[in-house]
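So this one's entry.txt, compact mmCIF, C-alpha atoms:
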```txt
# COMPACT_ATOMS: atom_id res chain seq x y z
CA MET T 20 -34.50 -32.97 -11.59
CA THR T 21 -30.72 -33.00 -11.06
CA ALA T 22 -29.46 -30.01 -9.08
CA PHE T 23 -26.77 -27.97 -10.80
CA SER T 24 -23.74 -27.14 -8.69
CA PRO T 25 -21.31 -24.64 -10.27
CA PRO T 26 -17.58 -25.26 -9.78
CA VAL T 27 -15.92 -23.83 -6.69
CA PRO T 28 -14.35 -20.46 -7.62
CA ASP T 29 -10.56 -20.55 -7.88
CA LEU T 30 -10.29 -17.79 -5.27
CA LEU T 31 -11.92 -19.96 -2.62
CA ARG T 32 -9.64 -22.88 -3.47
CA THR T 33 -6.61 -20.59 -3.21
CA LEU T 34 -7.58 -18.87 0.03
CA GLY T 35 -9.00 -22.03 1.58
CA HIS T 36 -5.50 -23.05 2.69
CA ASP T 37 -4.75 -21.79 6.20
CA LEU T 38 -1.24 -20.57 5.45
CA ARG T 39 -2.19 -18.80 2.23
CA TRP T 40 -5.00 -17.06 4.13
CA GLN T 41 -2.51 -15.95 6.79
CA LEU T 42 -0.14 -14.61 4.15
CA VAL T 43 -2.87 -12.67 2.36
CA THR T 44 -4.15 -11.10 5.58
CA ALA T 45 -0.59 -10.19 6.62
CA LEU T 46 -0.03 -8.45 3.27
CA SER T 47 -3.37 -6.65 3.41
CA ARG T 48 -1.90 -3.88 5.57
CA SER T 49 1.76 -3.65 4.59
CA ASP T 50 4.26 -4.88 2.01
CA LEU T 51 6.60 -7.42 3.61
CA ARG T 52 9.69 -9.48 2.88
CA VAL T 53 9.80 -13.27 3.14
CA ARG T 54 11.65 -13.29 6.46
CA GLU T 55 9.08 -10.91 7.94
CA LEU T 56 6.26 -13.15 6.76
CA VAL T 57 8.05 -16.16 8.24
CA GLU T 58 8.18 -14.33 11.59
CA GLN T 59 4.48 -13.44 11.43
CA VAL T 60 3.09 -16.84 10.46
CA ARG T 61 5.77 -18.87 12.32
CA ARG T 62 6.21 -21.40 9.57
CA PRO T 63 9.38 -22.62 7.77
CA GLN T 64 10.74 -20.32 5.06
CA ASN T 65 10.56 -22.95 2.32
CA LEU T 66 6.86 -23.50 3.06
CA VAL T 67 6.15 -19.76 3.11
CA SER T 68 7.99 -19.32 -0.21
CA TYR T 69 6.04 -22.16 -1.80
CA HIS T 70 2.66 -20.68 -0.86
CA LEU T 71 3.76 -17.17 -1.84
CA ASN T 72 4.48 -18.56 -5.28
CA ARG T 73 1.01 -20.13 -5.40
CA LEU T 74 -0.51 -16.74 -4.57
CA ARG T 75 1.67 -15.07 -7.19
CA LEU T 76 0.60 -17.56 -9.88
CA ALA T 77 -3.03 -16.84 -8.92
CA GLY T 78 -2.36 -13.15 -9.58
CA LEU T 79 -3.10 -12.13 -5.99
CA ILE T 80 0.29 -10.78 -4.99
CA ARG T 81 3.09 -8.87 -6.67
CA GLU T 82 6.85 -8.86 -6.20
CA THR T 83 9.08 -5.77 -6.22
CA ARG T 84 12.84 -5.73 -5.79
CA SER T 85 13.92 -3.53 -2.88
CA ILE T 86 15.67 -0.36 -3.95
CA ALA T 87 17.41 -0.29 -0.56
CA ASP T 88 18.88 -3.79 -0.88
CA GLY T 89 18.63 -5.42 -4.29
CA ARG T 90 18.88 -8.86 -2.69
CA GLU T 91 15.54 -8.35 -0.94
CA THR T 92 12.05 -8.69 -2.44
CA TYR T 93 8.87 -7.10 -1.13
CA TYR T 94 5.52 -8.81 -1.59
CA SER T 95 2.30 -6.80 -1.90
CA LEU T 96 -1.35 -7.72 -2.26
CA ASP T 97 -3.06 -6.77 -5.53
CA LEU T 98 -6.13 -5.22 -3.92
CA ASP T 99 -7.95 -4.40 -7.16
CA ARG T 100 -7.71 -8.00 -8.38
CA MET T 101 -8.68 -9.33 -4.97
CA LYS T 102 -11.76 -7.11 -4.91
CA ALA T 103 -12.79 -8.15 -8.43
CA LEU T 104 -12.41 -11.85 -7.60
CA LEU T 105 -14.30 -11.47 -4.35
CA ASN T 106 -17.15 -9.79 -6.22
CA GLU T 107 -17.17 -12.59 -8.80
CA THR T 108 -17.19 -15.16 -5.99
CA GLY T 109 -20.15 -13.48 -4.31
CA SER T 110 -22.05 -13.37 -7.59
CA ALA T 111 -21.36 -17.07 -8.10
CA ILE T 112 -23.22 -17.76 -4.85
CA HIS T 113 -26.05 -15.24 -5.29
CA PRO T 114 -26.40 -12.12 -7.48
CA GLY T 115 -27.58 -10.14 -4.48
CA LEU T 116 -24.26 -10.52 -2.65
CA ASP T 117 -22.89 -7.07 -3.41
CA PRO T 118 -20.14 -5.52 -1.31
CA ALA T 119 -21.54 -3.78 1.76
CA PRO T 120 -21.46 0.02 1.48
CA VAL T 121 -19.28 1.99 3.85
CA ASP T 122 -21.20 3.87 6.53
CA ALA T 123 -19.38 7.10 7.29
CA SER T 124 -22.11 8.45 9.60
CA GLY T 125 -20.15 7.55 12.72
CA ARG T 126 -17.17 9.69 11.74
CA ALA T 127 -18.78 13.06 12.40
CA GLY T 128 -17.17 14.74 15.40
CA SER T 129 -14.42 12.14 15.74
CA ARG T 130 -10.76 13.11 15.93
CA PRO T 131 -9.04 13.31 12.53
CA VAL T 132 -6.58 10.52 11.85
CA ARG T 133 -2.99 11.78 11.56
CA ILE T 134 -0.96 10.09 8.81
CA LEU T 135 2.66 10.69 7.85
CA PHE T 136 4.05 9.54 4.50
CA LEU T 137 7.81 9.04 4.33
CA CYS T 138 10.28 8.57 1.48
CA THR T 139 13.92 9.48 1.00
CA HIS T 140 13.80 12.89 -0.70
CA ASN T 141 10.15 13.85 -0.12
CA SER T 142 10.14 14.89 -3.75
CA ALA T 143 7.67 12.52 -5.45
CA ARG T 144 6.10 9.44 -3.85
CA SER T 145 5.37 10.86 -0.39
CA GLN T 146 4.35 14.24 -1.85
CA MET T 147 1.88 12.60 -4.23
CA ALA T 148 0.53 10.41 -1.41
CA GLU T 149 -0.02 13.46 0.79
CA GLY T 150 -1.87 15.30 -1.96
CA LEU T 151 -3.95 12.26 -2.87
CA LEU T 152 -5.02 11.57 0.70
CA ARG T 153 -6.10 15.16 1.22
CA SER T 154 -8.09 15.21 -2.00
CA LEU T 155 -9.78 11.84 -1.45
CA ASP T 156 -10.74 12.17 2.19
CA GLY T 157 -11.47 15.81 2.93
CA SER T 158 -11.49 16.55 6.68
CA GLY T 159 -11.39 12.99 8.03
CA VAL T 160 -7.59 12.78 8.06
CA LEU T 161 -4.62 15.06 8.48
CA ALA T 162 -1.97 14.15 5.90
CA PHE T 163 1.72 15.00 6.18
CA SER T 164 4.85 13.97 4.30
CA ALA T 165 8.57 14.18 4.91
CA GLY T 166 11.92 12.77 3.77
CA THR T 167 14.98 11.32 5.42
CA GLU T 168 17.09 13.39 2.97
CA PRO T 169 14.68 16.06 1.69
CA ALA T 170 15.33 17.72 -1.67
CA THR T 171 12.69 19.60 -3.71
CA VAL T 172 9.32 18.57 -5.12
CA HIS T 173 9.90 17.03 -8.54
CA PRO T 174 8.18 18.94 -11.37
CA LEU T 175 7.02 15.67 -12.96
CA ALA T 176 5.33 14.75 -9.67
CA VAL T 177 3.46 18.06 -9.82
CA ARG T 178 2.52 17.36 -13.44
CA ALA T 179 1.37 13.80 -12.71
CA MET T 180 -0.88 15.02 -9.91
CA ASP T 181 -2.24 17.82 -12.09
CA ASP T 182 -3.09 15.11 -14.62
CA LEU T 183 -5.31 13.60 -11.90
CA GLY T 184 -6.89 16.97 -11.13
CA ILE T 185 -4.92 17.54 -7.91
CA ASP T 186 -2.80 20.65 -7.30
CA ILE T 187 0.29 20.09 -5.13
CA THR T 188 2.15 23.25 -6.16
CA GLY T 189 1.74 24.54 -2.60
CA GLN T 190 3.54 21.54 -1.09
CA HIS T 191 7.24 21.59 -0.31
CA ALA T 192 9.85 19.07 0.80
CA LYS T 193 10.27 18.72 4.58
CA THR T 194 12.77 16.98 6.78
CA LEU T 195 11.71 14.07 8.96
CA ASP T 196 13.17 15.91 11.95
CA LEU T 197 10.17 18.27 11.91
CA TYR T 198 7.87 15.41 12.91
CA ARG T 199 10.00 13.18 15.17
CA ASP T 200 8.20 14.35 18.33
CA GLU T 201 4.69 14.61 16.89
CA PRO T 202 2.00 11.96 17.45
CA PHE T 203 0.67 10.04 14.45
CA ASP T 204 -1.83 7.24 14.06
CA TYR T 205 -0.08 5.78 11.01
CA VAL T 206 3.37 6.20 9.50
CA ILE T 207 3.44 4.93 5.91
CA THR T 208 6.78 4.50 4.18
CA VAL T 209 6.57 4.56 0.39
CA CYS T 210 10.29 4.01 -0.15
CA ASP T 211 12.37 0.98 0.85
CA ARG T 212 15.28 3.14 2.02
CA ALA T 213 13.00 5.28 4.19
CA ARG T 214 11.62 2.15 5.81
CA GLU T 215 15.11 1.07 6.82
CA ASN T 216 15.68 4.50 8.42
CA CYS T 217 12.26 5.09 9.94
CA PRO T 218 12.56 6.27 13.57
CA ILE T 219 10.31 5.38 16.50
CA PHE T 220 7.52 7.93 16.91
CA PRO T 221 5.74 8.89 20.15
CA GLY T 222 2.80 6.66 20.93
CA HIS T 223 4.09 3.89 18.63
CA PRO T 224 1.83 4.52 15.60
CA GLU T 225 1.19 1.62 13.26
CA GLN T 226 3.94 1.50 10.65
CA ILE T 227 2.90 0.42 7.16
CA HIS T 228 5.14 -0.05 4.16
CA TRP T 229 4.22 0.34 0.50
CA SER T 230 7.16 -0.65 -1.70
CA PHE T 231 7.28 1.74 -4.68
CA PRO T 232 10.22 2.18 -7.06
CA ASP T 233 11.43 5.77 -7.32
CA PRO T 234 9.87 7.28 -10.49
CA ALA T 235 12.68 9.83 -10.53
CA ALA T 236 15.04 6.97 -11.40
CA ALA T 237 13.26 6.41 -14.72
CA GLU T 238 15.39 7.17 -17.78
CA GLY T 239 14.64 8.35 -21.30
CA PRO T 240 12.81 11.32 -22.80
CA GLU T 241 10.59 13.45 -20.59
CA GLU T 242 7.34 11.80 -21.71
CA THR T 243 8.71 8.37 -20.81
CA ARG T 244 9.79 9.62 -17.39
CA PHE T 245 6.44 11.33 -16.91
CA GLN T 246 4.64 8.03 -17.44
CA ALA T 247 6.65 6.54 -14.55
CA PHE T 248 5.38 9.34 -12.29
CA ARG T 249 1.82 8.98 -13.53
CA GLU T 250 1.84 5.21 -12.98
CA THR T 251 3.16 5.72 -9.45
CA ALA T 252 0.43 8.27 -8.77
CA LEU T 253 -2.25 5.87 -10.00
CA GLN T 254 -0.90 3.02 -7.87
CA LEU T 255 -0.72 5.30 -4.83
CA LYS T 256 -4.32 6.32 -5.44
CA THR T 257 -5.40 2.67 -5.41
CA ARG T 258 -3.53 2.01 -2.16
CA ILE T 259 -4.98 5.11 -0.51
CA VAL T 260 -8.57 4.35 -1.56
CA TYR T 261 -8.34 0.93 0.10
CA PHE T 262 -6.57 2.40 3.12
CA LEU T 263 -9.43 4.87 3.60
CA LEU T 264 -11.97 2.07 3.33
CA MET T 265 -10.08 0.24 6.07
CA LEU T 266 -10.20 3.35 8.25
CA GLU T 267 -13.93 3.82 7.66
CA ARG T 268 -14.79 0.25 8.55
CA SER T 269 -12.68 0.34 11.72
CA ARG T 270 -14.25 3.50 13.18
```

Just dump the structure as structure tokens.
Amino acid sequence: MTAFSPPVPDLLRTLGHDLRWQLVTALSRSDLRVRELVEQVRRPQNLVSYHLNRLRLAGLIRETRSIADGRETYYSLDLDRMKALLNETGSAIHPGLDPAPVDASGRAGSRPVRILFLCTHNSARSQMAEGLLRSLDGSGVLAFSAGTEPATVHPLAVRAMDDLGIDITGQHAKTLDLYRDEPFDYVITVCDRARENCPIFPGHPEQIHWSFPDPAAAEGPEETRFQAFRETALQLKTRIVYFLLMLERSR
């Protein structure tokens, strides 16, 4: 009898290249620009750009134009697609290869992880991230948010979070100066401009960047603008769910 060998999944062919693997792992924690990726992988820019394009064509990474400098592009890993493809790849090998469950038993009694979300005005993206993290994790983390130029919490941000069943009416915009001397485990910038102006914090926490356009910049009738806020909230939720999984598996 002739043995049947199914074709190698496209994901394995894509990630089987050393440089593409390095790029994907670099983007798994933070959104980065080409020159930052070049510095991390120590390969020529033209080679890095070529393999970034291969990953983009495979649907594994996304591009967003920086709102701080329109000449710059941030690359981010599409975690939902990566997870789906990894699951399909496991099933192609054996149907019993399901993702391993997260064991949170070791977290009891451990120190909460302190996380600060930063954007420019602390009116939408960082406020929604703070509310989402608190609602998704419970007592395992302490979530904070601030802005480099704080304004007021945007009413459409409040509405978008309410649409997800999360109440952030008690949150208010805060200046970054309130937290400059406080220790954090992670500082996550959700705005390109805030990343460019992010100070050094005590203890050198890990700095992560998630490149999100400002939903407040959306134009049109209120319902159209609301959809920009809701889409941002949903994307933030995805990022935070995967971030929490990373925290769980590292503790």

With the cut-off set at 9 Å and counting all atoms listed in the file, tabulate each residue of region 70-165 of chain T with an atom at most that distance from an atom of region 204-207 of chain T, showing the nearest atom pair and its distance in Å to one decimal, ordered by chain and increasing number, as CSV.
```
residue,atom,partner,partner_atom,distance
T:Val132,CA,T:Asp204,CA,6.2
T:Arg133,CA,T:Asp204,CA,5.3
T:Ile134,CA,T:Tyr205,CA,4.9
T:Leu135,CA,T:Val206,CA,4.8
T:Phe136,CA,T:Ile207,CA,4.9
T:Leu137,CA,T:Ile207,CA,6.2
T:Cys138,CA,T:Ile207,CA,8.9
T:Ser145,CA,T:Ile207,CA,8.9
```

_Set the distance at 10 Å and use all atoms listed in the file: which residues neighbour region 45-53 of chain T once local chain neighbours fewer than 4 positions away are removed? I'd like the list as an MDAnalysis selection string._
chainID T and resid 39:41 57:60 64:65 67:68 71 80:85 91:98 207:209 225:231 258 261:262 265

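For the atom pair formed by CA of Gln246 (chain T) and CA of Gly166 (chain T), the distance is 22.9 Å, given to one decimal.
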
*Pick out the closest residue to Asp29 (chain T) from this set: T:Leu74, T:Leu66, T:Ala162, T:Leu253. Count all atoms listed in the file.*
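Ranked by minimum distance to Asp29 (chain T), first place goes to T:Leu74.
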
*How far is it from CA of Ser269 (chain T) to CA of Phe220 (chain T), in Å with one decimal?*
22.2 Å

*By how many Å are CA of Leu34 (chain T) and CA of Ile259 (chain T) apart?*
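Rounded to one decimal, the two atoms are 24.1 Å apart.
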
*List as a list in words: which residues have an atom within 8 Å of (-1.7, 13.4, -3.4), counting all atoms listed in the file?*
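Every polymer residue passing the test: Gln146, Met147, Ala148, Glu149, Gly150, Leu151, Leu152, Arg153, Ser154, Met180, Ile185, Ile187, Ala252 and Lys256 of chain T.
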
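Shortest separation to Pro218 (chain T) among T:Thr243, T:Thr167, T:Ser110, T:Gln254 occurs at residue T:Thr167, atoms counted being all atoms listed in the file.
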
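With only C-alpha atoms as the atoms that count, the minimum distance from Arg249 (chain T) to the choices T:Cys217, T:Ala170, T:Ala176, T:Ala165 is reached by T:Ala176.
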
*Choose the residue, out of T:His223, T:His191, T:Lys102, T:Arg62, that has the smallest atom-to-atom separation from Pro174 (chain T); count all atoms listed in the file.*
T:His191

*Taking all atoms listed in the file into account, which of T:Leu161, T:Leu38, T:Ala87, T:Ala103 comes nearest Arg73 (chain T)?*
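Selected residue with least distance to Arg73 (chain T): T:Leu38.
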
Report, as lines of an AutoDock Vina configuration file, the axis-aligned box around all atoms of region 40-48 of chain T present in the file, extended by 3 Å on each side; give centre and edge lengths in Å to one decimal place.
```
center_x = -2.5
center_y = -10.5
center_z = 4.6
size_x = 11.0
size_y = 19.2
size_z = 10.4
```

*Minimum-distance residue to Lys193 (chain T), chosen among T:His140, T:His70, T:Arg130, T:Arg32 (using only C-alpha atoms)*: T:His140

Within 12 Å of (13.0, 13.1, 17.9) (coordinates as in the file), grab all the protein and nucleic acid residues, counting all atoms listed in the file, and write them out as a tab-separated table (two decimals) with C-alpha atoms, in the coordinates of the input.
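Listing of part.tsv after writing:
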```
chain	number	residue	atom	x	y	z
T	194	THR	CA	12.77	16.98	6.78
T	195	LEU	CA	11.71	14.07	8.96
T	196	ASP	CA	13.17	15.91	11.95
T	197	LEU	CA	10.17	18.27	11.91
T	198	TYR	CA	7.87	15.41	12.91
T	199	ARG	CA	10.00	13.18	15.17
T	200	ASP	CA	8.20	14.35	18.33
T	201	GLU	CA	4.69	14.61	16.89
T	202	PRO	CA	2.00	11.96	17.45
T	217	CYS	CA	12.26	5.09	9.94
T	218	PRO	CA	12.56	6.27	13.57
T	219	ILE	CA	10.31	5.38	16.50
T	220	PHE	CA	7.52	7.93	16.91
T	221	PRO	CA	5.74	8.89	20.15
```
